[in-house]
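Novice: What follows is model.txt, made up of compact mmCIF, C-alpha atoms:
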```
# COMPACT_ATOMS: atom_id res chain seq x y z
CA MET A 12 0.30 -15.63 -31.11
CA VAL A 13 3.85 -15.56 -29.77
CA HIS A 14 3.26 -12.04 -28.68
CA VAL A 15 0.06 -12.87 -26.87
CA GLY A 16 1.72 -15.80 -25.18
CA LYS A 17 4.48 -13.63 -23.75
CA TYR A 18 2.08 -10.99 -22.55
CA LEU A 19 0.01 -13.59 -20.83
CA LYS A 20 2.91 -15.05 -18.93
CA GLU A 21 3.86 -11.62 -17.66
CA VAL A 22 0.36 -10.85 -16.53
CA THR A 23 0.04 -14.11 -14.69
CA LEU A 24 3.34 -13.61 -12.95
CA ALA A 25 2.61 -10.07 -11.95
CA ALA A 26 -0.73 -11.19 -10.66
CA SER A 27 0.61 -13.97 -8.48
CA LEU A 28 0.68 -11.88 -5.38
CA CYS A 29 0.21 -12.69 -1.79
CA LEU A 30 -2.95 -10.74 -1.27
CA VAL A 31 -4.89 -11.36 1.88
CA SER A 32 -8.13 -12.92 0.83
CA LEU A 33 -10.57 -11.51 3.28
CA SER A 34 -13.65 -11.49 1.20
CA VAL A 35 -16.35 -9.23 2.57
CA PRO A 36 -19.07 -9.51 -0.02
CA PHE A 37 -21.86 -7.01 0.05
CA TYR A 38 -24.35 -7.54 -2.68
CA SER A 39 -27.62 -9.14 -3.41
CA ALA A 40 -28.06 -11.89 -5.91
CA THR A 41 -31.34 -10.44 -7.11
CA ALA A 42 -29.95 -8.65 -10.17
CA ALA A 43 -28.41 -11.85 -11.43
CA GLU A 44 -31.50 -13.88 -10.63
CA ALA A 45 -33.91 -11.46 -12.24
CA THR A 46 -32.31 -11.96 -15.63
CA GLU A 47 -32.84 -15.73 -15.44
CA ALA A 48 -36.43 -15.13 -16.48
CA ALA A 49 -35.60 -14.49 -20.12
CA PRO A 50 -33.04 -17.13 -20.98
CA SER A 51 -33.46 -17.35 -24.72
CA ALA A 52 -32.56 -13.85 -25.82
CA LEU A 53 -29.30 -13.36 -23.92
CA ASP A 54 -26.73 -11.46 -25.93
CA GLY A 55 -23.24 -12.46 -24.81
CA LYS A 56 -21.57 -9.47 -26.39
CA ALA A 57 -23.94 -7.00 -24.77
CA ILE A 58 -23.42 -8.62 -21.37
CA ALA A 59 -19.64 -8.70 -21.78
CA PHE A 60 -19.53 -5.00 -22.73
CA ASP A 61 -22.14 -3.69 -20.28
CA ARG A 62 -20.38 -1.77 -17.48
CA LYS A 63 -22.90 -3.02 -14.96
CA LYS A 64 -22.54 -6.65 -16.11
CA GLY A 65 -19.32 -8.20 -17.44
CA ASN A 66 -17.49 -4.92 -18.00
CA CYS A 67 -14.74 -7.10 -19.47
CA LEU A 68 -13.43 -4.11 -21.43
CA SER A 69 -12.30 -2.42 -18.25
CA CYS A 70 -9.40 -4.88 -18.25
CA HIS A 71 -9.33 -6.72 -21.61
CA MET A 72 -9.03 -5.55 -25.17
CA ILE A 73 -11.88 -7.16 -27.13
CA ALA A 74 -12.57 -6.67 -30.82
CA GLY A 75 -15.50 -4.29 -31.28
CA GLY A 76 -15.12 -2.55 -27.90
CA ASP A 77 -13.71 0.94 -27.20
CA MET A 78 -11.72 2.36 -24.34
CA ALA A 79 -10.38 -0.98 -23.20
CA GLY A 80 -8.11 -1.17 -20.16
CA ASN A 81 -4.70 -2.81 -20.39
CA ILE A 82 -4.66 -4.83 -17.21
CA ALA A 83 -5.34 -8.24 -18.68
CA PRO A 84 -4.48 -10.18 -21.85
CA PRO A 85 -6.37 -9.26 -25.02
CA LEU A 86 -9.14 -11.73 -25.73
CA ILE A 87 -8.21 -12.94 -29.18
CA ALA A 88 -7.77 -16.32 -30.89
CA MET A 89 -9.78 -17.87 -28.10
CA LYS A 90 -10.68 -21.15 -29.82
CA ALA A 91 -7.01 -21.89 -30.40
CA ARG A 92 -6.11 -21.15 -26.81
CA PHE A 93 -9.21 -22.62 -25.20
CA PRO A 94 -10.10 -25.69 -27.24
CA ASP A 95 -12.13 -26.86 -24.26
CA LYS A 96 -15.01 -24.47 -23.66
CA ALA A 97 -15.37 -25.70 -20.09
CA VAL A 98 -11.90 -24.34 -19.25
CA LEU A 99 -12.92 -20.94 -20.60
CA ARG A 100 -16.12 -21.08 -18.60
CA ALA A 101 -14.21 -21.93 -15.44
CA GLN A 102 -11.93 -18.90 -15.92
CA ILE A 103 -14.93 -16.59 -16.18
CA ALA A 104 -16.93 -18.20 -13.37
CA ASP A 105 -14.06 -17.95 -10.88
CA ALA A 106 -10.59 -16.92 -12.02
CA THR A 107 -9.25 -17.36 -8.49
CA VAL A 108 -9.47 -21.16 -8.77
CA LYS A 109 -6.61 -21.21 -11.26
CA ASN A 110 -4.84 -18.14 -9.90
CA PRO A 111 -5.70 -17.36 -6.27
CA ALA A 112 -4.25 -13.87 -6.67
CA SER A 113 -6.25 -13.10 -9.81
CA PHE A 114 -7.51 -9.56 -10.17
CA MET A 115 -10.38 -10.79 -12.33
CA PRO A 116 -13.73 -10.69 -10.50
CA PRO A 117 -15.25 -14.13 -9.81
CA PHE A 118 -18.33 -13.61 -11.98
CA GLY A 119 -20.01 -16.88 -11.05
CA ARG A 120 -18.92 -17.33 -7.44
CA HIS A 121 -19.93 -13.77 -6.52
CA GLN A 122 -23.05 -13.89 -8.67
CA ILE A 123 -22.03 -10.86 -10.69
CA LEU A 124 -23.54 -12.72 -13.65
CA SER A 125 -26.14 -15.46 -13.61
CA GLU A 126 -25.26 -18.95 -14.87
CA LYS A 127 -27.13 -18.28 -18.10
CA GLU A 128 -25.41 -14.95 -18.59
CA ILE A 129 -22.05 -16.66 -18.16
CA ASP A 130 -23.01 -19.24 -20.78
CA ALA A 131 -23.88 -16.45 -23.20
CA VAL A 132 -20.60 -14.63 -22.49
CA VAL A 133 -18.64 -17.87 -22.97
CA ASP A 134 -20.27 -18.35 -26.38
CA PHE A 135 -19.37 -14.82 -27.40
CA ILE A 136 -15.79 -14.96 -26.12
CA HIS A 137 -15.09 -18.41 -27.50
CA ALA A 138 -15.97 -17.21 -30.99
CA LEU A 139 -13.43 -14.34 -30.84
CA MET B 22 17.04 -15.63 -22.20
CA ASN B 23 14.79 -12.72 -22.91
CA LEU B 24 15.84 -9.76 -20.76
CA SER B 25 12.49 -8.02 -20.53
CA PHE B 26 11.08 -11.24 -19.16
CA VAL B 27 13.73 -11.44 -16.43
CA LYS B 28 12.93 -7.90 -15.45
CA LYS B 29 9.25 -8.71 -15.14
CA VAL B 30 10.01 -11.65 -12.89
CA VAL B 31 12.05 -9.48 -10.58
CA THR B 32 9.33 -6.86 -10.38
CA ALA B 33 6.66 -9.43 -9.72
CA GLY B 34 8.86 -10.93 -7.02
CA SER B 35 9.11 -7.62 -5.25
CA VAL B 36 5.35 -7.11 -5.35
CA CYS B 37 4.98 -10.39 -3.58
CA LEU B 38 7.63 -9.41 -1.07
CA LEU B 39 5.95 -6.07 -0.51
CA LEU B 40 2.63 -7.57 0.30
CA SER B 41 3.67 -10.73 2.09
CA GLY B 42 6.18 -8.81 4.18
CA MET B 43 3.56 -6.24 4.96
CA SER B 44 0.85 -8.66 5.90
CA SER B 45 2.81 -10.12 8.79
CA ALA B 46 0.95 -9.01 11.87
CA TYR B 47 3.53 -7.02 13.80
CA ALA B 48 5.94 -5.80 11.15
CA ASP B 49 7.13 -2.42 12.28
CA ALA B 50 5.93 0.65 10.48
CA ALA B 51 9.35 2.04 9.58
CA ALA B 52 10.29 -1.18 7.79
CA ASP B 53 6.96 -1.08 5.94
CA VAL B 54 7.62 2.49 4.79
CA THR B 55 10.99 1.52 3.35
CA ARG B 56 9.56 -1.49 1.56
CA PHE B 57 6.48 0.36 0.32
CA GLN B 58 8.32 3.40 -1.02
CA GLY B 59 11.05 1.21 -2.51
CA TYR B 60 8.42 -0.81 -4.32
CA PHE B 61 6.95 2.23 -6.09
CA LEU B 62 10.30 3.91 -6.74
CA ASN B 63 11.45 0.72 -8.42
CA LYS B 64 8.23 0.10 -10.28
CA PHE B 65 8.22 3.58 -11.83
CA LYS B 66 11.97 4.18 -12.01
CA ASP B 67 11.89 4.72 -15.77
CA LYS B 68 9.30 7.51 -15.54
CA LYS B 69 10.26 11.08 -16.24
CA VAL B 70 8.52 14.03 -14.67
CA ASP B 71 8.93 17.30 -16.57
CA GLY B 72 11.90 15.70 -18.31
CA LYS B 73 13.70 14.61 -15.12
CA PRO B 74 13.85 11.15 -13.53
CA ILE B 75 11.03 10.65 -11.07
CA THR B 76 11.76 11.42 -7.40
CA LEU B 77 10.02 10.42 -4.18
CA GLN B 78 8.39 13.85 -3.91
CA ASP B 79 6.95 13.56 -7.43
CA PHE B 80 4.58 10.87 -6.16
CA ALA B 81 2.71 13.62 -4.31
CA ASP B 82 1.25 14.52 -7.71
CA GLY B 83 -0.65 11.24 -7.80
CA VAL B 84 -1.48 9.91 -11.21
CA TYR B 85 0.07 12.99 -12.87
CA ALA B 86 3.51 11.85 -11.72
CA ILE B 87 3.32 8.83 -14.00
CA ASP B 88 1.31 10.18 -16.92
CA GLU B 89 3.03 12.89 -18.92
CA THR B 90 0.10 13.48 -21.23
CA SER B 91 -2.50 14.26 -18.59
CA ARG B 92 0.12 16.09 -16.52
CA GLU B 93 0.19 18.90 -19.08
CA THR B 94 -3.55 19.49 -18.89
CA TRP B 95 -3.40 19.25 -15.12
CA ASN B 96 -0.63 21.88 -14.94
CA GLU B 97 -2.84 24.21 -16.92
CA ILE B 98 -5.79 23.61 -14.59
CA GLU B 99 -3.60 24.24 -11.56
CA GLU B 100 -2.78 27.72 -12.90
CA MET B 101 -6.40 28.77 -12.36
CA PRO B 102 -7.23 26.33 -9.62
CA PRO B 103 -10.91 25.42 -9.25
CA TYR B 104 -10.42 25.05 -5.49
CA GLU B 105 -9.24 28.63 -4.96
CA ILE B 106 -12.63 29.90 -3.88
CA HIS B 107 -12.82 27.10 -1.31
CA ILE B 108 -9.55 28.27 0.25
CA ASP B 109 -10.99 31.80 0.54
CA GLU B 110 -14.18 30.54 2.09
CA GLY B 111 -12.19 28.37 4.47
CA LYS B 112 -10.14 31.37 5.56
CA ALA B 113 -13.34 33.19 6.37
CA MET B 114 -14.52 30.21 8.42
CA TRP B 115 -11.25 30.13 10.31
CA GLU B 116 -11.51 33.82 11.14
CA LYS B 117 -15.20 34.02 11.93
CA PRO B 118 -15.90 34.01 15.68
CA PHE B 119 -18.14 31.26 17.09
CA ALA B 120 -21.32 32.25 18.92
CA ASN B 121 -19.29 32.21 22.15
CA GLY B 122 -16.80 34.68 20.71
CA LYS B 123 -13.97 32.18 20.41
CA SER B 124 -12.78 30.70 17.10
CA TYR B 125 -10.87 27.75 15.66
CA ALA B 126 -7.68 29.44 16.85
CA SER B 127 -8.76 28.76 20.45
CA CYS B 128 -8.39 25.00 19.76
CA PHE B 129 -5.43 25.17 17.37
CA ALA B 130 -2.91 27.57 18.86
CA ASP B 131 -0.39 26.84 16.07
CA GLY B 132 -2.99 27.05 13.32
CA PRO B 133 -3.88 27.21 10.54
CA ALA B 134 -0.71 25.51 9.18
CA ILE B 135 -1.27 22.27 11.09
CA ALA B 136 -2.03 19.60 8.48
CA ASN B 137 1.19 17.67 9.13
CA LYS B 138 0.12 17.05 12.74
CA TYR B 139 -2.59 14.70 11.45
CA PRO B 140 -3.43 11.90 11.55
CA HIS B 141 -1.87 11.05 14.90
CA TRP B 142 -2.33 8.47 17.59
CA ASP B 143 -3.98 9.86 20.74
CA LYS B 144 -2.83 7.66 23.58
CA GLU B 145 -5.31 9.01 26.09
CA LYS B 146 -8.35 8.56 23.82
CA SER B 147 -6.82 5.40 22.39
CA MET B 148 -7.74 6.30 18.81
CA VAL B 149 -6.44 7.84 15.62
CA ILE B 150 -7.25 11.53 15.46
CA THR B 151 -7.61 12.99 11.99
CA LEU B 152 -7.84 16.67 11.10
CA PRO B 153 -11.57 16.62 10.25
CA LEU B 154 -12.28 14.92 13.56
CA ALA B 155 -10.20 17.47 15.46
CA LEU B 156 -12.05 20.32 13.74
CA ASN B 157 -15.40 18.90 14.75
CA ASN B 158 -14.19 18.26 18.30
CA CYS B 159 -13.37 21.95 18.42
CA LEU B 160 -16.78 22.96 17.12
CA LYS B 161 -18.56 20.70 19.60
CA ALA B 162 -16.46 21.93 22.52
CA ASN B 163 -17.59 25.44 21.62
CA GLY B 164 -21.26 24.61 21.28
CA GLU B 165 -21.22 24.79 17.48
CA LYS B 166 -22.80 22.35 15.07
CA PRO B 167 -20.30 19.80 13.71
CA LEU B 168 -19.61 19.67 9.97
CA LYS B 169 -20.42 16.77 7.68
CA TYR B 170 -17.42 14.61 6.87
CA LYS B 171 -17.64 14.04 3.12
CA LYS B 172 -19.28 16.96 1.37
CA GLY B 173 -19.97 20.59 2.13
CA SER B 174 -18.17 23.31 4.03
CA ILE B 175 -15.76 21.03 5.87
CA ASN B 176 -13.92 21.03 2.57
CA ASN B 177 -13.51 24.81 2.71
CA ILE B 178 -11.79 24.84 6.07
CA LEU B 179 -9.73 21.79 5.07
CA ALA B 180 -8.73 23.49 1.81
CA TYR B 181 -7.57 26.57 3.72
CA ILE B 182 -5.57 24.51 6.25
CA ALA B 183 -4.08 22.37 3.45
CA PHE B 184 -3.05 25.47 1.54
CA GLU B 185 -1.45 27.07 4.60
CA SER B 186 0.35 23.77 5.31
CA ARG B 187 1.87 23.32 1.86
CA GLY B 188 5.49 22.25 2.04
CA GLN B 189 5.23 20.60 5.46
CA LYS B 190 6.54 17.07 5.53
CA ILE B 191 4.40 14.09 6.41
CA ASP B 192 5.81 12.43 9.51
CA VAL B 193 3.25 10.09 11.04
CA LYS B 194 4.47 8.17 14.06
CA VAL B 195 3.31 4.73 15.09
CA PRO B 196 4.60 4.45 18.67
CA SER B 197 5.98 0.91 18.85
CA ASP B 198 5.71 0.90 22.64
CA ASP B 199 1.95 1.36 22.45
CA PRO B 200 0.30 -1.92 21.39
CA LYS B 201 -3.01 -0.17 20.72
CA ALA B 202 -1.41 2.25 18.27
CA VAL B 203 0.36 -0.63 16.55
CA ALA B 204 -2.95 -2.51 16.40
CA ALA B 205 -4.71 0.48 14.79
CA TYR B 206 -1.92 0.74 12.22
CA ASN B 207 -2.13 -2.98 11.50
CA LYS B 208 -5.88 -2.80 11.09
CA GLY B 209 -5.41 -0.03 8.52
CA LYS B 210 -2.86 -2.14 6.71
CA GLN B 211 -5.10 -5.20 6.68
CA PHE B 212 -7.93 -3.05 5.35
CA TRP B 213 -5.71 -1.90 2.52
CA LEU B 214 -4.70 -5.46 1.66
CA ALA B 215 -8.08 -7.14 2.02
CA ARG B 216 -10.24 -8.02 -0.92
CA ARG B 217 -13.79 -6.79 -0.62
CA GLY B 218 -17.02 -6.26 -2.45
CA GLN B 219 -18.75 -8.23 -5.16
CA LEU B 220 -15.81 -7.50 -7.45
CA ASN B 221 -13.45 -8.97 -4.86
CA MET B 222 -10.73 -6.31 -5.05
CA SER B 223 -8.33 -4.77 -2.56
CA CYS B 224 -6.92 -1.25 -2.47
CA ALA B 225 -3.53 -2.88 -3.01
CA ALA B 226 -4.67 -4.63 -6.17
CA CYS B 227 -5.60 -1.35 -7.85
CA HIS B 228 -3.06 1.00 -6.30
CA ALA B 229 0.01 -1.25 -6.05
CA GLN B 230 -0.23 -4.41 -8.17
CA ASN B 231 -1.98 -2.70 -11.10
CA SER B 232 -0.92 0.89 -10.53
CA GLY B 233 0.26 2.44 -13.76
CA LEU B 234 -2.20 0.33 -15.75
CA LYS B 235 -5.58 1.36 -17.05
CA VAL B 236 -9.01 0.28 -15.89
CA ARG B 237 -11.04 1.40 -18.91
CA GLY B 238 -9.85 4.96 -19.41
CA ASP B 239 -8.58 5.48 -15.87
CA LEU B 240 -4.92 5.16 -15.07
CA LEU B 241 -4.50 3.74 -11.57
CA SER B 242 -2.37 5.94 -9.32
CA PRO B 243 0.32 4.55 -7.04
CA ALA B 244 -0.79 4.43 -3.40
CA LEU B 245 2.39 6.30 -2.48
CA GLY B 246 1.51 10.00 -2.37
CA GLN B 247 -2.26 9.57 -2.52
CA VAL B 248 -2.88 11.40 0.74
CA THR B 249 -0.66 14.47 0.30
CA HIS B 250 -3.12 16.72 -1.46
CA PHE B 251 -6.58 16.46 0.09
CA PRO B 252 -9.15 17.88 -0.02
CA VAL B 253 -9.31 17.42 -3.76
CA TYR B 254 -11.39 19.19 -6.37
CA ARG B 255 -12.73 16.55 -8.71
CA ALA B 256 -14.24 17.34 -12.06
CA LYS B 257 -16.51 14.37 -11.50
CA TRP B 258 -17.77 15.80 -8.19
CA GLY B 259 -17.83 19.35 -9.48
CA THR B 260 -16.48 20.40 -6.10
CA VAL B 261 -13.95 19.69 -3.40
CA GLY B 262 -14.21 16.45 -1.40
CA THR B 263 -12.50 14.81 1.54
CA LEU B 264 -10.17 11.83 1.63
CA HIS B 265 -12.84 9.71 3.28
CA ARG B 266 -15.26 10.58 0.50
CA ARG B 267 -12.67 9.16 -1.89
CA PHE B 268 -12.23 6.01 0.23
CA SER B 269 -15.96 5.58 0.17
CA GLY B 270 -16.08 6.00 -3.64
CA CYS B 271 -13.31 3.44 -4.14
CA ASN B 272 -15.17 0.97 -1.91
CA LYS B 273 -18.39 1.53 -3.84
CA GLN B 274 -16.83 0.97 -7.24
CA VAL B 275 -15.99 -2.62 -6.27
CA ARG B 276 -19.57 -2.91 -4.97
CA ALA B 277 -18.51 -3.07 -1.36
CA LYS B 278 -20.46 -1.35 1.38
CA PRO B 279 -18.63 1.88 2.17
CA PHE B 280 -17.76 2.55 5.80
CA LYS B 281 -18.66 5.64 7.75
CA ALA B 282 -16.51 8.68 7.02
CA GLN B 283 -14.37 9.26 10.13
CA GLY B 284 -15.41 5.88 11.54
CA GLU B 285 -12.71 3.68 13.01
CA GLU B 286 -12.04 1.70 9.80
CA TYR B 287 -11.30 4.71 7.58
CA ARG B 288 -9.36 6.49 10.31
CA ASN B 289 -7.10 3.46 10.70
CA LEU B 290 -6.80 3.21 6.92
CA GLU B 291 -5.78 6.87 6.78
CA TYR B 292 -3.26 6.24 9.56
CA PHE B 293 -1.64 3.43 7.56
CA LEU B 294 -1.82 5.12 4.16
CA THR B 295 -0.41 8.41 5.45
CA THR B 296 2.43 6.64 7.25
CA MET B 297 3.36 5.08 3.89
CA SER B 298 3.87 8.62 2.52
CA ASN B 299 6.15 9.74 5.35
CA GLY B 300 8.79 12.15 4.07
CA LEU B 301 6.63 13.57 1.27
CA LYS B 302 5.68 17.22 1.35
CA LEU B 303 2.05 18.21 1.61
CA ASN B 304 0.71 19.88 -1.54
CA GLY B 305 -3.01 20.22 -1.05
CA PRO B 306 -5.52 21.14 -2.10
CA SER B 307 -5.30 19.79 -5.62
CA SER B 308 -7.44 18.99 -8.61
CA ARG B 309 -8.21 15.64 -10.19
CA LYS B 310 -10.27 14.19 -12.99
```
Represent the supplied structure as structure tokens.

Specialist:
Amino acid sequence: MVHVGKYLKEVTLAASLCLVSLSVPFYSATAAEATEAAPSALDGKAIAFDRKKGNCLSCHMIAGGDMAGNIAPPLIAMKARFPDKAVLRAQIADATVKNPASFMPPFGRHQILSEKEIDAVVDFIHAL
Amino acid sequence: MNLSFVKKVVTAGSVCLLLSGMSSAYADAAADVTRFQGYFLNKFKDKKVDGKPITLQDFADGVYAIDETSRETWNEIEEMPPYEIHIDEGKAMWEKPFANGKSYASCFADGPAIANKYPHWDKEKSMVITLPLALNNCLKANGEKPLKYKKGSINNILAYIAFESRGQKIDVKVPSDDPKAVAAYNKGKQFWLARRGQLNMSCAACHAQNSGLKVRGDLLSPALGQVTHFPVYRAKWGTVGTLHRRFSGCNKQVRAKPFKAQGEEYRNLEYFLTTMSNGLKLNGPSSRK
């Protein structure tokens, strides 16, 4: 825990940059919308690991995933650190609210994942 | 107080300084170069290259300057370079007469070792001229068909020119008395700093802020020295590709719409990014993962 805490602080500091935020989005929301059709069977783990979806492993170490990047804090002991699920959801939906310089993609705001997909990912991550 | 923590704070502070200082509209290029190179030299000061402390020139090796493990494999590949055949084919292109009997030499009297003359600001045309653009201007002026800017035989002639130019120093000038040149430079800088695409990422985020860290299995190279060695043979491409092809790939991976190779945006970006590597020696072509 202590170790994770220290790592986190460093990451946050290093990330608090003065990047110009000149967002030029180019994407369609259709991919995210299409998946809304089958809400019941969403697998949070599969979405989190899928390179075309969450691709969380590109930056975070997550139990059960290979070839993780080392850009962001490992996602462990989540319940202890995020007692309030809504706070966790907010981080995933748009990390730039809490940290404007965040390198983490705004999964909700930029419709990288649909609302239901985010819910499924939150369930999976919160249980880690 | 924990020392490693203090160190981190200092580093983070200088990242902020780098980018905030650089985003001011009319900062002059020379000051940017000092800040930019200082940032990377400081960030990677503990790295060793072939057992010796890292130097400015080492950054010309891209990611292999900061990753001893993959450097070994890379050194082995460079002994039998996969781009060699492209240099030979480029030489043949350089020597082959055009239909009108002239050749590239008629446009480039000092050629073929001319890579360090590009990119440059052309006051008369009021634009950044890159080497690929100059080559195509030559072809067009001689009634020949221009080459494509990302893939194909343009890479052969570029590989030959890069090889002949090895050892030349990058020395891009941004004439401070020409507001249009300064504006082009600043546009390139803004491009480099701006977040884009669905993933909302800037060049700076990957190649400054997070350089030296891994996105999945890929170590992110420092932006310093990225332009010294093009065209590059990439295992992933299975051939040699241009710098603008790489720009386009890096835009696409954050799900941003890539810009036109040799369009104004990428030319200005090249102008900025190459200026940042002033003083480094050219070492193209090269090979990458």

Novice: Smallest atom-to-atom distance to Arg267 of chain B: which of B:Cys224, B:Ile106, B:Met297, B:Ala50, using only C-alpha atoms?

Specialist: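 Ranking B:Cys224, B:Ile106, B:Met297, B:Ala50 by distance to Arg267 of chain B, first place goes to B:Cys224.
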
Novice: Identify, on the basis of only C-alpha atoms, every residue whose closest approach to Glu165 of chain B does not exceed 12 Å; exclude the query and any residue fewer than 2 positions from it along the same chain; express the result as a PyMOL selection string.

Specialist: chain B and resi 118-125+156-163+167-168

Novice: Write out as a list in words which residues come within 9 Å of Ala131 of chain A when counting all atoms listed in the file, dropping same-chain ones fewer than 6 positions away.

Specialist: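 In the requested form, the answer reads Leu53, Asp54, Gly55, Lys56, Ile58 and Ala59 of chain A.
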
Novice: Please report the interatomic distance between atom CA of Ser242 of chain B and atom CA of Gly83 of chain B in Å with one decimal.

Specialist: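 Taking atom CA of Ser242 of chain B and atom CA of Gly83 of chain B, their separation equals 5.8 Å.
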
Novice: Neighbours of Lys96 of chain A within 12 Å (all atoms listed in the file; same-chain residues fewer than 4 positions away dropped), as a PyMOL selection string?

Specialist: chain A and resi 89-92+100-103+129-138

Novice: One decimal, in Å: what's the spacing between atom CA of Val275 of chain B and atom CA of Leu220 of chain B?

Specialist: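 Here the two named atoms are 5.0 Å from each other.
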
Novice: Taking all atoms of segment 56-64 of chain A that the file lists and extending 3 Å past them on each side, where is the centre of the axis-aligned box and how long are its edges? Answer in Å to one decimal, as JSON.

Specialist:
```
{"center_x": -21.7, "center_y": -5.6, "center_z": -20.7, "size_x": 10.4, "size_y": 13.7, "size_z": 17.4}
```

Novice: Looking at A:Asp95, A:Asp61, A:Asp77, A:Glu128, which one is nearest to chain B, with distances taken over all atoms listed in the file?

Specialist: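 The closest residue to chain B is A:Asp77.
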
Novice: Restricting the calculation to all atoms listed in the file, which member of B:Tyr85, B:Phe184, B:Phe61, B:Phe212 is positioned closest to chain A?

Specialist: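 Of B:Tyr85, B:Phe184, B:Phe61, B:Phe212, the one nearest chain A, counting all atoms listed in the file, is B:Phe212.
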
Novice: What would segment 45-92 of chain A look like if you wrote it out as a short mmCIF file (atom, residue, chain, number, x, y, z; two decimals), in the first residue's frame, with C-alpha atoms included, from the block I just posted?

Specialist:
```cif
data_model
loop_
_atom_site.label_atom_id
_atom_site.label_comp_id
_atom_site.auth_asym_id
_atom_site.auth_seq_id
_atom_site.Cartn_x
_atom_site.Cartn_y
_atom_site.Cartn_z
CA ALA A 45 -23.54 -0.01 -31.46
CA THR A 46 -22.57 -1.91 -28.35
CA GLU A 47 -25.46 -0.38 -26.38
CA ALA A 48 -27.74 -2.91 -28.04
CA ALA A 49 -26.59 -5.82 -25.89
CA PRO A 50 -26.37 -4.38 -22.40
CA SER A 51 -26.73 -7.50 -20.31
CA ALA A 52 -23.73 -9.52 -21.40
CA LEU A 53 -21.00 -6.88 -21.09
CA ASP A 54 -17.76 -8.30 -19.76
CA GLY A 55 -15.82 -5.58 -17.96
CA LYS A 56 -12.55 -7.46 -18.04
CA ALA A 57 -12.76 -8.13 -21.76
CA ILE A 58 -13.53 -4.47 -22.45
CA ALA A 59 -10.72 -3.27 -20.18
CA PHE A 60 -8.18 -5.56 -21.88
CA ASP A 61 -9.35 -5.15 -25.49
CA ARG A 62 -6.84 -2.99 -27.39
CA LYS A 63 -9.63 -1.40 -29.38
CA LYS A 64 -11.70 -0.66 -26.27
CA GLY A 65 -10.26 0.19 -22.84
CA ASN A 66 -6.72 -0.92 -23.60
CA CYS A 67 -6.04 -0.11 -19.95
CA LEU A 68 -3.03 -2.44 -19.99
CA SER A 69 -1.16 -0.13 -22.30
CA CYS A 70 -0.59 2.07 -19.24
CA HIS A 71 -1.66 0.14 -16.11
CA MET A 72 -0.57 -3.13 -14.62
CA ILE A 73 -3.72 -5.19 -13.97
CA ALA A 74 -3.81 -8.68 -12.50
CA GLY A 75 -4.44 -11.22 -15.26
CA GLY A 76 -3.11 -9.05 -18.11
CA ASP A 77 0.23 -9.40 -19.95
CA MET A 78 2.58 -6.87 -21.45
CA ALA A 79 1.36 -4.00 -19.33
CA GLY A 80 2.88 -0.54 -19.77
CA ASN A 81 4.37 1.33 -16.83
CA ILE A 82 2.98 4.78 -17.40
CA ALA A 83 0.27 4.75 -14.77
CA PRO A 84 -0.27 3.34 -11.27
CA PRO A 85 -1.00 -0.39 -11.00
CA LEU A 86 -4.70 -1.02 -10.50
CA ILE A 87 -4.70 -2.95 -7.26
CA ALA A 88 -6.54 -2.74 -3.92
CA MET A 89 -9.15 -0.62 -5.62
CA LYS A 90 -11.93 -0.99 -3.05
CA ALA A 91 -9.65 0.31 -0.34
CA ARG A 92 -8.57 3.29 -2.40
#
```
